[in-house]
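Asks: Right, I'll just put the structure down here and ask away after.
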There are 2 protein chains.
Amino acid sequence: MVVAIMLVPQSMAYALLAGLPPQAGLYASILPLLIYAVLGTSRVLVVGPVAIVSLMVASSLEPLAAAGSEQYVQHAITLALLCGIFLVLLGLLRVGFLVNFMSHPVLAGFTSAVALIIGFSQLKHLLGLEIPSSHNIHKIFWLVIKDISDVNVVTLAISSTSLLLLAACRQMVRPFVRRGLIGEIAAEVLSKAMPLLVVVLMIALTWFLGLAENFGVDVIGQIPMGLPALAVPAPDWSLWRELLPVAALISMIGFLEGISIAKSLASKRRRKVIPNQELVAIGAANIAASFTGGLPVAGSISRSVVNHAAGAKTPVSVIIAALLVGLTLLLFAPILQFLPKAVLASIIIVAIASFIDFRSLRHAWAYNKADGLSYLAAFAAVLALGPEFGILIGIGVSLSLYIWRTSRPHIFIVGQVEGSETYRNTLSHDVRIFRKLLLVRVDESLYFANGDYLEEQVLRYVADRPEIKDFVLICSAVNDIDASALDTLERLIERLRDAGVRMHLSELKDPVMDRLQNVHLFAMLAPGRVFQSTHDAVMALAGDDEQQASLD
Amino acid sequence: MVVAIMLVPQSMAYALLAGLPPQAGLYASILPLLIYAVLGTSRVLVVGPVAIVSLMVASSLEPLAAAGSEQYVQHAITLALLCGIFLVLLGLLRVGFLVNFMSHPVLAGFTSAVALIIGFSQLKHLLGLEIPSSHNIHKIFWLVIKDISDVNVVTLAISSTSLLLLAACRQMVRPFVRRGLIGEIAAEVLSKAMPLLVVVLMIALTWFLGLAENFGVDVIGQIPMGLPALAVPAPDWSLWRELLPVAALISMIGFLEGISIAKSLASKRRRKVIPNQELVAIGAANIAASFTGGLPVAGSISRSVVNHAAGAKTPVSVIIAALLVGLTLLLFAPILQFLPKAVLASIIIVAIASFIDFRSLRHAWAYNKADGLSYLAAFAAVLALGPEFGILIGIGVSLSLYIWRTSRPHIFIVGQVEGSETYRNTLSHDVRIFRKLLLVRVDESLYFANGDYLEEQVLRYVADRPEIKDFVLICSAVNDIDASALDTLERLIERLRDAGVRMHLSELKDPVMDRLQNVHLFAMLAPGRVFQSTHDAVMALAGDDEQQASLD
């Protein structure tokens with residue numbers, strides 16, 4: 001029940017954020033929950049409209065149709081269908097790993113910027129101003145400043161009261177708990193029910209005082225009574241093609257939010273969720289949202305946490321919540337029309353405030369500059385170019401950063417710790433090196449992006465020391481060699497041979513060794529050899545150097 | 001001189017392939033060579049028009065303007081400028097590593113498909129047919145079949161003779177060399193000069209027999225005499241924005257071809273090329289091509305190899321070649337008008353035949369299926385969607401494949417080899433495991449794409465064995481931990497703690513250890529510890545198990 005109490009105001013608020021009539025949010029909170037309850041692997045995840053997905057719906061549909069128009073509503077329904085199909089396909093193809101294409105700093109930067117945009121987009125509702133909707137916070141800021149004299153004071157009073165009640169409820173209740181006037185559990189329920197209490201309070205005030213007619217307070221207006229009709233959207237191929245890229249992005253972002261909270265809650269009880277099955281379940285929920293006139297949905301962090309904390313053990317809790325939302329539509333729709341938009345805006349503001357996460361930036365920056373920069377890149381890209389481009393740039397930055405990091409692996413010459421069988425970096429240890437034998441270790445798997453760098457480094461070492469006759473590549477940290485790196489190794493063998501140097505390998509791992517058995521690398525290596533250990537290689541190849549050493 | 005002899009017919013042929021008048025190819029073979037000679041780090045690389053770049057120019061410009069029109073020529077000039085600016089920027093920003101975003105199998109698949117398209121695109125010139133140009137080999141095939149009765153027999157004779165002379169020259173000369181009638185060197189020069197000889201022969205035949213007027217043989221027609229004028233293209237921002245993405249792709253593909261041959265030739269003499277400087281040099285060459293009315297250029301494999309084989313030791317050889325091309329324009333332009341297009345088409349066919357490389361597919365497939373599939377994906381994408389989309393899909397496939405491979409790293413439980421300090425995989429070795437202590441090794445660096453997988457696996461192991469009290473993650477193969485994986489480790493510590501399990505780390509590498517000192521991971525770990533070796537961890541943590549073992 002506590003979930004339903006959160007779900008009703010939140011789903012209306014997020015529909016508003018998406019530029020849709022409030023009932024779309026309610027419609028998206030009935031059948032999708034039931035479908036997820038059947039197909040999902042988490043017992044506590046609550047699907048439905050969520051803030052980030054709703055903002056992305058708005059920013060991708062506003063260029064195509066007027067917000068709130070019938071066409072806009074149809075576009076949102078189509079978008080939900082495409083999101084659903086896309087997620088189901090990902091799940092059936094078992095390519096759920098694709099949703100990991102973004103690093104945490106990029107995701108945190110993206111989310112923080114989106115939360116900022118959402119906050120600014122609600123300013124007009126909070127202040128009762130008539131300004132065009134925009135996702136450019138700079139533009140909104142100046143529009144608000146320009147029209148600051150037109151602020152509707154009654155609306156501002158409603159917003160301030162709502163924000164205060166929602167944000168400070170816990171703090172306000174605490175003294176009463178301490179004095180024993182309210183029990184711990186009652187206090188907890190009170191704070192979770194606060195959005196609903198605020199909604200009821202503000203509806204009552206608006207109704208009895210006629211705030212909408214007498215003071216121009218903007219309310220959500222008529223909501224059709226009754227449950228949504230089941231309808232399959234007619235396929236419109238040109239629209240589908242236009243919406244598909246953004247559907248892919250929206251559904252992946254939504255999925256990431258849901259799966260992270262589902263995993264976290266499951267592990268608290270030593271349970272697990274199955275990501276590919278989750279893709280199918282969330283996808284089916286989106287298709288259900290589409291068929292019932294809703295908007296794209298995802299697993300909600302706040303509602304799932306509440307569901308878990310309230311003691312939900314099976315999906316029955318979610319089913320009950322869905323039924324209560326349906327009941328609301330059947331019984332209370334006429335009353336909801338008096339709800340001021342400022343109240344929903346306040347609910348959004350309080351819900352997204354926690355997404356603005358600069359701690360992650362500090363954290364990432366302290367750990368390594370590159371991760372910090374990728375946070376900033378995603379953050380700046382979202383603010384400058386909007387969430388869709390921002391997320392693409394974030395993915396690009398994540399991958400580039402990783403490729404960059406692994407494309408210049410740690411490669412160093414090693415030498416023998418005097419009198420032992422241990423070999424260490426010559427730059428950081430006092431070790432013995434050999435005149436005609438070069439020992440090099442590379443601390444990274446070899447693949448298409450770093451093969452060339454390895455080759456360059458080795459050829460440079462060889463060019464710098466013309467007396468080298470044998471070269472041993474120590475592969476103790478090479479977990480994999482792909483086909484490109486294999487080509488590079490073959491070319492390196494040839495180039496070294498041209499330069500009069502024999503190449504050898506040592507300390508190959510078993511899986512790498514197995515794979516290399518199938519190709520002709522070892523044959524090409526001859527007369528170069530493959531050694532079990534680097535010490536074996538030194539014993540076999542450094543004979544000359546021993547002599548040299550004794551002659552000195 | 002031998003380079004100039006190849007350069008004149010090839011550059012005209014590749015201009016034709018790009019849909020440009022032949023002189024554009026010659027213009028792109030003078031100043032760009034001189035600029036590269038000054039700025040480049042390879043002593044033998046010969047820049048100029050190359051086949052793949054020319055095809056991509058055609059496929060990206062044909063939707064925008066009629067091939068051969070004045071507007072088309074201007075677009076090509078603009079494209080060269082944008083390619084140049086892009087490469088110079090990459091070089092100055094020192095992000096040359098970005099060109100490594102494609103694996104070898106993808107590159108081979110891409111190149112093979114492009115070579116096939118180029119081959120089919122020349123069919124109409126070889127057969128003397130009037131069919132619209134297209135990059136759809138299926139469509140070309142049927143158009144040719146439909147019009148097969150219109151084949152110009154004289155043109156076909158010219159093509160066949162040219163192809164035979166060009167392709168079989170080496171084989172035909174060999175008997176004469178064997179009998180001592182021609183020296184080795186003379187034979188080599190003859191085979192390199194064959195394109196020019198064919199050009200001269202066919203010009204003479206066409207001229208004296210009036211093949212163009214009497215038999216309808218298509219010739220290249222009037223070429224303006226004299227050197228190109230220097231002109232800076234006027235910036236047209238909307239055109240620039242349209243061409244920029246394709247310029248980025250074209251210049252990267254062109255650069256990859258050039259750098260690979262430059263590196264290969266440099267290492268034969270134990271020299272090296274500097275990639276970032278090469279980016280600037282090739283970029284400047286493209287800008288020079290743009291200013292002199294040419295088309296995008298790149299380092300040519302065939303001409304560079306010839307230059308190297310002919311004994312070029314300094315860039316002076318390239319400077320002489322550029323001057324000879326200039327001389328050709330000053331003196332022989334009126335004669336070139338009689339050159340049949342069929343001859344240029346034959347030169348293109350012979351030059352690109354070696355790019356069709358199915359051996360790489362077999363090679364990659366034998367080594368691992370994923371690399372083989374990525375070849376096929378790039379090959380099919382180019383044929384189905386054209387080179388630009390093909391290359392993007394290729395990049396996507398390369399990266400996805402790599403992420404996929406590293407996103408499910410080799411994770412396994414290890415046990416103690418009885419009576420030793422060695423720890424091995426429990427699945428493949430007969431080792432001792434511990435009742436309350438779980439030892440897990442992960443053979444991959446930890447980063448955003450595989451942190452979640454590690455977490456899932458570990459939580460699964462722990463869920464399966466409720467008596468586990470301590471968990472040691474062996475990091476001997478972890479070369480790096482990024483900020484996302486750090487988050488995951490912190491979360492894993494907490495989740496394990498919730499489940500009553502202490503987490504420990506062992507065998508951290510020095511660079512990883514250093515970086516982790518700056519964050520609070522070790523503090524979060526407590527009472528879990530960081531052990532130098534896995535054996536230390538077992539000695540400290542498996543006390544209970546020892547007792548257990550003796551009680552049994």
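Each chain in the structure tokens gets a letter, A, B and so on, in the order shown; residues start at 1 in every chain, and ligands are counted from 1 in the order they appear.
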Residues near segment 308-314 of chain B, anyone? I mean within 8 Å using only C-alpha atoms, not counting same-chain ones fewer than 6 positions away, as a ChimeraX atom specification.

Replies: /B:2,43-44,265

Asks: Please provide the set of residues having any atom within 12 Å of Ala449 of chain B, restricted to only C-alpha atoms, with same-chain residues fewer than 5 positions apart removed, written as a PDB file with N, CA and C atoms, in the first residue's frame.

Replies:
```pdb
ATOM      1  N   GLY A  96      22.747  -8.763 -23.000  1.00  0.00           N
ATOM      2  CA  GLY A  96      22.580  -7.809 -21.913  1.00  0.00           C
ATOM      3  C   GLY A  96      23.881  -7.122 -21.523  1.00  0.00           C
ATOM      4  N   PHE A  97      25.016  -7.764 -21.863  1.00  0.00           N
ATOM      5  CA  PHE A  97      26.301  -7.147 -21.507  1.00  0.00           C
ATOM      6  C   PHE A  97      26.478  -5.787 -22.172  1.00  0.00           C
ATOM      7  N   LEU A  98      25.721  -5.562 -23.286  1.00  0.00           N
ATOM      8  CA  LEU A  98      25.841  -4.289 -23.997  1.00  0.00           C
ATOM      9  C   LEU A  98      25.459  -3.091 -23.131  1.00  0.00           C
ATOM     10  N   VAL A  99      24.614  -3.316 -22.126  1.00  0.00           N
ATOM     11  CA  VAL A  99      24.221  -2.168 -21.309  1.00  0.00           C
ATOM     12  C   VAL A  99      25.369  -1.703 -20.413  1.00  0.00           C
ATOM     13  N   ASN A 100      26.459  -2.472 -20.384  1.00  0.00           N
ATOM     14  CA  ASN A 100      27.614  -2.055 -19.587  1.00  0.00           C
ATOM     15  C   ASN A 100      28.573  -1.167 -20.346  1.00  0.00           C
ATOM     16  N   PHE A 101      28.118  -0.583 -21.458  1.00  0.00           N
ATOM     17  CA  PHE A 101      29.027   0.221 -22.279  1.00  0.00           C
ATOM     18  C   PHE A 101      29.375   1.565 -21.648  1.00  0.00           C
ATOM     19  N   MET A 102      28.881   1.821 -20.478  1.00  0.00           N
ATOM     20  CA  MET A 102      29.169   3.100 -19.868  1.00  0.00           C
ATOM     21  C   MET A 102      29.826   2.928 -18.520  1.00  0.00           C
ATOM     22  N   SER A 103      30.824   3.737 -18.238  1.00  0.00           N
ATOM     23  CA  SER A 103      31.491   3.627 -16.947  1.00  0.00           C
ATOM     24  C   SER A 103      30.676   4.379 -15.892  1.00  0.00           C
ATOM     25  N   HIS A 104      30.922   4.078 -14.630  1.00  0.00           N
ATOM     26  CA  HIS A 104      30.169   4.730 -13.556  1.00  0.00           C
ATOM     27  C   HIS A 104      30.336   6.249 -13.548  1.00  0.00           C
ATOM     28  N   ILE A 395      29.119   7.417 -23.849  1.00  0.00           N
ATOM     29  CA  ILE A 395      29.543   6.078 -24.259  1.00  0.00           C
ATOM     30  C   ILE A 395      30.861   6.170 -25.020  1.00  0.00           C
ATOM     31  N   SER A 398      33.675   6.826 -22.577  1.00  0.00           N
ATOM     32  CA  SER A 398      33.993   5.623 -21.795  1.00  0.00           C
ATOM     33  C   SER A 398      34.876   4.676 -22.597  1.00  0.00           C
ATOM     34  N   LEU A 399      34.435   4.400 -23.828  1.00  0.00           N
ATOM     35  CA  LEU A 399      35.171   3.446 -24.644  1.00  0.00           C
ATOM     36  C   LEU A 399      36.537   3.991 -25.043  1.00  0.00           C
ATOM     37  N   TYR A 402      38.907   3.729 -22.239  1.00  0.00           N
ATOM     38  CA  TYR A 402      39.368   2.380 -21.977  1.00  0.00           C
ATOM     39  C   TYR A 402      40.369   1.945 -23.034  1.00  0.00           C
TER      40      TYR A 402
ATOM     41  N   LEU B 399      34.667  -3.011 -31.249  1.00  0.00           N
ATOM     42  CA  LEU B 399      34.608  -2.607 -29.853  1.00  0.00           C
ATOM     43  C   LEU B 399      33.689  -3.525 -29.056  1.00  0.00           C
ATOM     44  N   SER B 400      32.524  -3.859 -29.644  1.00  0.00           N
ATOM     45  CA  SER B 400      31.589  -4.729 -28.928  1.00  0.00           C
ATOM     46  C   SER B 400      32.236  -6.064 -28.613  1.00  0.00           C
ATOM     47  N   LEU B 401      32.956  -6.554 -29.600  1.00  0.00           N
ATOM     48  CA  LEU B 401      33.611  -7.841 -29.447  1.00  0.00           C
ATOM     49  C   LEU B 401      34.622  -7.808 -28.319  1.00  0.00           C
ATOM     50  N   TYR B 402      35.372  -6.710 -28.287  1.00  0.00           N
ATOM     51  CA  TYR B 402      36.396  -6.608 -27.261  1.00  0.00           C
ATOM     52  C   TYR B 402      35.749  -6.483 -25.884  1.00  0.00           C
ATOM     53  N   ILE B 403      34.713  -5.624 -25.822  1.00  0.00           N
ATOM     54  CA  ILE B 403      34.012  -5.454 -24.552  1.00  0.00           C
ATOM     55  C   ILE B 403      33.398  -6.785 -24.134  1.00  0.00           C
ATOM     56  N   TRP B 404      32.822  -7.475 -25.100  1.00  0.00           N
ATOM     57  CA  TRP B 404      32.181  -8.758 -24.788  1.00  0.00           C
ATOM     58  C   TRP B 404      33.213  -9.735 -24.220  1.00  0.00           C
ATOM     59  N   ARG B 405      34.386  -9.762 -24.879  1.00  0.00           N
ATOM     60  CA  ARG B 405      35.399 -10.731 -24.468  1.00  0.00           C
ATOM     61  C   ARG B 405      35.899 -10.419 -23.064  1.00  0.00           C
ATOM     62  N   THR B 406      36.126  -9.121 -22.796  1.00  0.00           N
ATOM     63  CA  THR B 406      36.660  -8.774 -21.482  1.00  0.00           C
ATOM     64  C   THR B 406      35.550  -8.607 -20.451  1.00  0.00           C
ATOM     65  N   SER B 407      34.287  -8.588 -20.904  1.00  0.00           N
ATOM     66  CA  SER B 407      33.215  -8.388 -19.942  1.00  0.00           C
ATOM     67  C   SER B 407      32.840  -9.689 -19.241  1.00  0.00           C
ATOM     68  N   ARG B 408      33.297 -10.799 -19.743  1.00  0.00           N
ATOM     69  CA  ARG B 408      33.078 -12.075 -19.068  1.00  0.00           C
ATOM     70  C   ARG B 408      34.446 -12.740 -18.872  1.00  0.00           C
ATOM     71  N   PRO B 409      35.247 -12.158 -17.985  1.00  0.00           N
ATOM     72  CA  PRO B 409      36.609 -12.672 -17.846  1.00  0.00           C
ATOM     73  C   PRO B 409      36.622 -14.072 -17.235  1.00  0.00           C
ATOM     74  N   GLU B 444      41.792 -10.878 -15.603  1.00  0.00           N
ATOM     75  CA  GLU B 444      41.506  -9.732 -16.483  1.00  0.00           C
ATOM     76  C   GLU B 444      41.605  -8.475 -15.638  1.00  0.00           C
ATOM     77  N   LEU B 454      32.015  -9.855 -12.364  1.00  0.00           N
ATOM     78  CA  LEU B 454      32.806 -10.375 -11.242  1.00  0.00           C
ATOM     79  C   LEU B 454      31.937 -10.447  -9.990  1.00  0.00           C
ATOM     80  N   GLU B 455      31.219  -9.348  -9.737  1.00  0.00           N
ATOM     81  CA  GLU B 455      30.377  -9.285  -8.553  1.00  0.00           C
ATOM     82  C   GLU B 455      29.340 -10.418  -8.569  1.00  0.00           C
ATOM     83  N   ILE B 481      42.592  -1.275 -12.377  1.00  0.00           N
ATOM     84  CA  ILE B 481      41.235  -1.217 -11.824  1.00  0.00           C
ATOM     85  C   ILE B 481      40.749   0.194 -12.066  1.00  0.00           C
ATOM     86  N   ASP B 482      39.675   0.379 -12.814  1.00  0.00           N
ATOM     87  CA  ASP B 482      39.203   1.743 -13.065  1.00  0.00           C
ATOM     88  C   ASP B 482      38.206   2.179 -11.989  1.00  0.00           C
ATOM     89  N   ALA B 483      37.743   3.427 -12.084  1.00  0.00           N
ATOM     90  CA  ALA B 483      36.886   3.970 -11.023  1.00  0.00           C
ATOM     91  C   ALA B 483      35.584   3.176 -10.899  1.00  0.00           C
ATOM     92  N   SER B 484      35.051   2.689 -12.029  1.00  0.00           N
ATOM     93  CA  SER B 484      33.803   1.920 -11.970  1.00  0.00           C
ATOM     94  C   SER B 484      34.024   0.609 -11.231  1.00  0.00           C
ATOM     95  N   ALA B 485      35.129  -0.068 -11.548  1.00  0.00           N
ATOM     96  CA  ALA B 485      35.411  -1.340 -10.893  1.00  0.00           C
ATOM     97  C   ALA B 485      35.704  -1.125  -9.413  1.00  0.00           C
ATOM     98  N   THR B 488      32.509  -1.006  -7.774  1.00  0.00           N
ATOM     99  CA  THR B 488      31.956  -2.354  -7.683  1.00  0.00           C
ATOM    100  C   THR B 488      32.609  -3.127  -6.542  1.00  0.00           C
TER     101      THR B 488
END
```

Asks: Taking 3 positions as the minimum chain separation for residues in the same chain, which residues sit within 8 Å of segment 474-476 of chain A when counting only C-alpha atoms? Answer as a ChimeraX atom specification.

Replies: /A:439-443,505-509,534

Asks: Compile the contact shell of Val417 of chain A as a list of chain:residue names: residues with an atom at most 10 Å away, counting only C-alpha atoms, same-chain residues fewer than 2 positions apart removed.

Replies: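 Using only C-alpha atoms, the neighbours found are A:Val414, A:Gly415, A:Gly419, A:Ser420, A:Glu421, A:Thr422, A:Tyr423, A:Arg424, A:Asn425, A:Thr426, A:His429, A:Asp430, A:Val431, A:Arg432, A:Ile433.
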
Asks: Taking into account only C-alpha atoms, which residue in the set B:Leu82, B:Ile145, B:Ile220, B:Ile287 is nearest to Trp237 of chain B?

Replies: B:Leu82

Asks: Counting only C-alpha atoms, what is within 12 Å of segment 181-186 of chain B, bar same-chain residues fewer than 5 positions away, as a PyMOL selection string?

Replies: chain B and resi 2+170+172-176+191-194+309-310

Asks: Please produce a file of the residues just selected, as an mmCIF file, in the first residue's frame, where the atoms kept are C-alpha atoms.

Replies:
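So result_19.cif came out as:
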```
data_model
loop_
_atom_site.group_PDB
_atom_site.id
_atom_site.type_symbol
_atom_site.label_atom_id
_atom_site.label_comp_id
_atom_site.auth_asym_id
_atom_site.auth_seq_id
_atom_site.Cartn_x
_atom_site.Cartn_y
_atom_site.Cartn_z
ATOM 1 C CA VAL B 2 59.763 4.578 -61.658
ATOM 2 C CA ARG B 170 55.914 -10.711 -64.766
ATOM 3 C CA MET B 172 55.584 -13.357 -69.555
ATOM 4 C CA VAL B 173 58.964 -11.761 -68.961
ATOM 5 C CA ARG B 174 60.300 -14.627 -66.845
ATOM 6 C CA PRO B 175 61.236 -16.983 -69.757
ATOM 7 C CA PHE B 176 63.291 -14.221 -71.316
ATOM 8 C CA SER B 191 57.020 -4.806 -64.939
ATOM 9 C CA LYS B 192 56.793 -1.572 -62.925
ATOM 10 C CA ALA B 193 56.655 0.528 -66.091
ATOM 11 C CA MET B 194 54.010 -1.685 -67.641
ATOM 12 C CA ALA B 309 62.460 -1.423 -53.668
ATOM 13 C CA ALA B 310 63.931 1.002 -56.222
#
```

Asks: With distances taken over only C-alpha atoms, which of B:Met202, B:Val95, B:Ala542, B:Leu329 is nearest to chain A?

Replies: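 Answer, going by the shortest atom-to-atom distance: B:Val95.
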
Asks: Give me the residues near Val8 of chain A as a PyMOL selection string, where near means some atom within 12 Å (using only C-alpha atoms) and where sequence neighbours in that chain fewer than 6 positions away do not count.

Replies: chain A and resi 1-2+14-15+22-30+48-49+193+195-197+199-200+303+321-329+332-333+336+344+347

Asks: Write the selection just made, keeping N, CA, C and O atoms, as a short mmCIF file (atom, residue, chain, number, x, y, z; two decimals), in the first residue's frame?

Replies:
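Saved as part13.cif:
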```cif
data_model
loop_
_atom_site.label_atom_id
_atom_site.label_comp_id
_atom_site.auth_asym_id
_atom_site.auth_seq_id
_atom_site.Cartn_x
_atom_site.Cartn_y
_atom_site.Cartn_z
N MET A 1 0.82 -1.20 0.00
CA MET A 1 0.00 0.00 0.00
C MET A 1 0.86 1.26 0.00
O MET A 1 0.58 2.22 -0.70
N VAL A 2 1.97 1.19 0.77
CA VAL A 2 2.84 2.36 0.82
C VAL A 2 3.43 2.63 -0.58
O VAL A 2 3.67 3.77 -0.97
N TYR A 14 5.72 12.36 -13.21
CA TYR A 14 6.67 12.03 -14.28
C TYR A 14 6.00 12.08 -15.65
O TYR A 14 6.67 12.31 -16.65
N ALA A 15 4.67 11.85 -15.68
CA ALA A 15 3.97 12.03 -16.95
C ALA A 15 4.02 13.51 -17.34
O ALA A 15 4.28 13.85 -18.50
N PRO A 22 -1.49 13.75 -17.06
CA PRO A 22 -1.15 12.95 -15.87
C PRO A 22 -1.67 11.52 -15.92
O PRO A 22 -1.02 10.60 -15.41
N GLN A 23 -2.82 11.30 -16.58
CA GLN A 23 -3.35 9.93 -16.58
C GLN A 23 -2.41 8.95 -17.29
O GLN A 23 -2.40 7.76 -16.97
N ALA A 24 -1.58 9.43 -18.24
CA ALA A 24 -0.65 8.53 -18.93
C ALA A 24 0.27 7.86 -17.91
O ALA A 24 0.60 6.67 -18.03
N GLY A 25 0.68 8.63 -16.89
CA GLY A 25 1.55 8.07 -15.86
C GLY A 25 0.83 6.99 -15.07
O GLY A 25 1.40 5.94 -14.74
N LEU A 26 -0.45 7.25 -14.76
CA LEU A 26 -1.23 6.27 -14.00
C LEU A 26 -1.44 5.00 -14.85
O LEU A 26 -1.32 3.88 -14.35
N TYR A 27 -1.75 5.21 -16.15
CA TYR A 27 -1.95 4.06 -17.04
C TYR A 27 -0.70 3.19 -17.09
O TYR A 27 -0.78 1.96 -17.19
N ALA A 28 0.48 3.86 -17.03
CA ALA A 28 1.74 3.11 -17.12
C ALA A 28 2.09 2.44 -15.80
O ALA A 28 3.15 1.81 -15.69
N SER A 29 1.22 2.59 -14.80
CA SER A 29 1.53 2.02 -13.48
C SER A 29 0.58 0.89 -13.09
O SER A 29 0.44 0.58 -11.91
N ILE A 30 -0.12 0.35 -14.07
CA ILE A 30 -1.03 -0.76 -13.74
C ILE A 30 -0.54 -2.05 -14.43
O ILE A 30 0.16 -2.86 -13.81
N GLY A 48 7.49 1.43 -13.58
CA GLY A 48 6.58 2.56 -13.76
C GLY A 48 7.35 3.74 -14.32
O GLY A 48 8.53 3.60 -14.64
N PRO A 49 6.71 4.90 -14.46
CA PRO A 49 7.42 6.07 -14.97
C PRO A 49 8.54 6.47 -14.01
O PRO A 49 8.36 6.40 -12.79
N ALA A 193 4.36 8.46 3.20
CA ALA A 193 3.02 8.85 2.73
C ALA A 193 2.95 10.36 2.49
O ALA A 193 1.94 10.86 2.01
N PRO A 195 4.12 12.49 0.25
CA PRO A 195 3.68 12.99 -1.05
C PRO A 195 2.16 12.90 -1.20
O PRO A 195 1.52 13.85 -1.65
N LEU A 196 1.58 11.78 -0.76
CA LEU A 196 0.13 11.62 -0.91
C LEU A 196 -0.60 12.62 0.00
O LEU A 196 -1.58 13.24 -0.41
N LEU A 197 -0.09 12.79 1.23
CA LEU A 197 -0.71 13.73 2.15
C LEU A 197 -0.69 15.14 1.58
O LEU A 197 -1.67 15.87 1.64
N VAL A 199 -0.51 15.92 -1.57
CA VAL A 199 -1.45 15.94 -2.68
C VAL A 199 -2.88 16.15 -2.16
O VAL A 199 -3.62 17.03 -2.64
N VAL A 200 -3.27 15.38 -1.16
CA VAL A 200 -4.63 15.47 -0.63
C VAL A 200 -4.88 16.86 -0.03
O VAL A 200 -5.88 17.52 -0.33
N ARG A 303 10.91 3.81 -5.32
CA ARG A 303 9.78 2.96 -4.96
C ARG A 303 10.22 1.53 -4.62
O ARG A 303 9.64 0.88 -3.76
N ALA A 321 -0.24 -2.96 -5.32
CA ALA A 321 -0.03 -1.55 -5.65
C ALA A 321 -0.67 -1.21 -7.00
O ALA A 321 -1.32 -0.16 -7.13
N ALA A 322 -0.52 -2.10 -7.99
CA ALA A 322 -1.10 -1.86 -9.31
C ALA A 322 -2.63 -1.77 -9.20
O ALA A 322 -3.26 -0.90 -9.81
N LEU A 323 -3.20 -2.65 -8.41
CA LEU A 323 -4.66 -2.65 -8.27
C LEU A 323 -5.13 -1.35 -7.60
O LEU A 323 -6.16 -0.78 -7.97
N LEU A 324 -4.35 -0.85 -6.64
CA LEU A 324 -4.72 0.39 -5.97
C LEU A 324 -4.67 1.57 -6.94
O LEU A 324 -5.51 2.48 -6.86
N VAL A 325 -3.67 1.56 -7.84
CA VAL A 325 -3.61 2.64 -8.84
C VAL A 325 -4.85 2.57 -9.73
O VAL A 325 -5.48 3.61 -10.04
N GLY A 326 -5.25 1.33 -10.11
CA GLY A 326 -6.45 1.17 -10.92
C GLY A 326 -7.68 1.70 -10.19
O GLY A 326 -8.49 2.44 -10.76
N LEU A 327 -7.77 1.41 -8.90
CA LEU A 327 -8.87 1.89 -8.07
C LEU A 327 -8.91 3.41 -8.03
O LEU A 327 -9.99 4.02 -8.09
N THR A 328 -7.73 4.03 -7.94
CA THR A 328 -7.65 5.49 -7.94
C THR A 328 -8.30 6.05 -9.21
O THR A 328 -9.07 7.00 -9.16
N LEU A 329 -7.96 5.43 -10.36
CA LEU A 329 -8.52 5.90 -11.62
C LEU A 329 -10.03 5.72 -11.65
O LEU A 329 -10.75 6.55 -12.22
N PHE A 332 -11.18 8.13 -7.90
CA PHE A 332 -10.77 9.47 -7.48
C PHE A 332 -10.42 10.41 -8.63
O PHE A 332 -10.01 11.54 -8.40
N ALA A 333 -10.56 9.93 -9.88
CA ALA A 333 -10.17 10.76 -11.01
C ALA A 333 -10.79 12.16 -10.97
O ALA A 333 -10.09 13.16 -11.19
N LEU A 336 -8.85 14.52 -8.65
CA LEU A 336 -7.47 14.85 -8.98
C LEU A 336 -7.35 16.10 -9.83
O LEU A 336 -6.31 16.74 -9.87
N LEU A 344 3.03 18.66 -8.05
CA LEU A 344 3.76 17.60 -8.75
C LEU A 344 5.21 18.03 -9.01
O LEU A 344 6.14 17.22 -8.88
N ILE A 347 7.18 17.44 -5.97
CA ILE A 347 7.49 16.01 -5.79
C ILE A 347 8.68 15.63 -6.67
O ILE A 347 9.60 14.92 -6.25
#
```
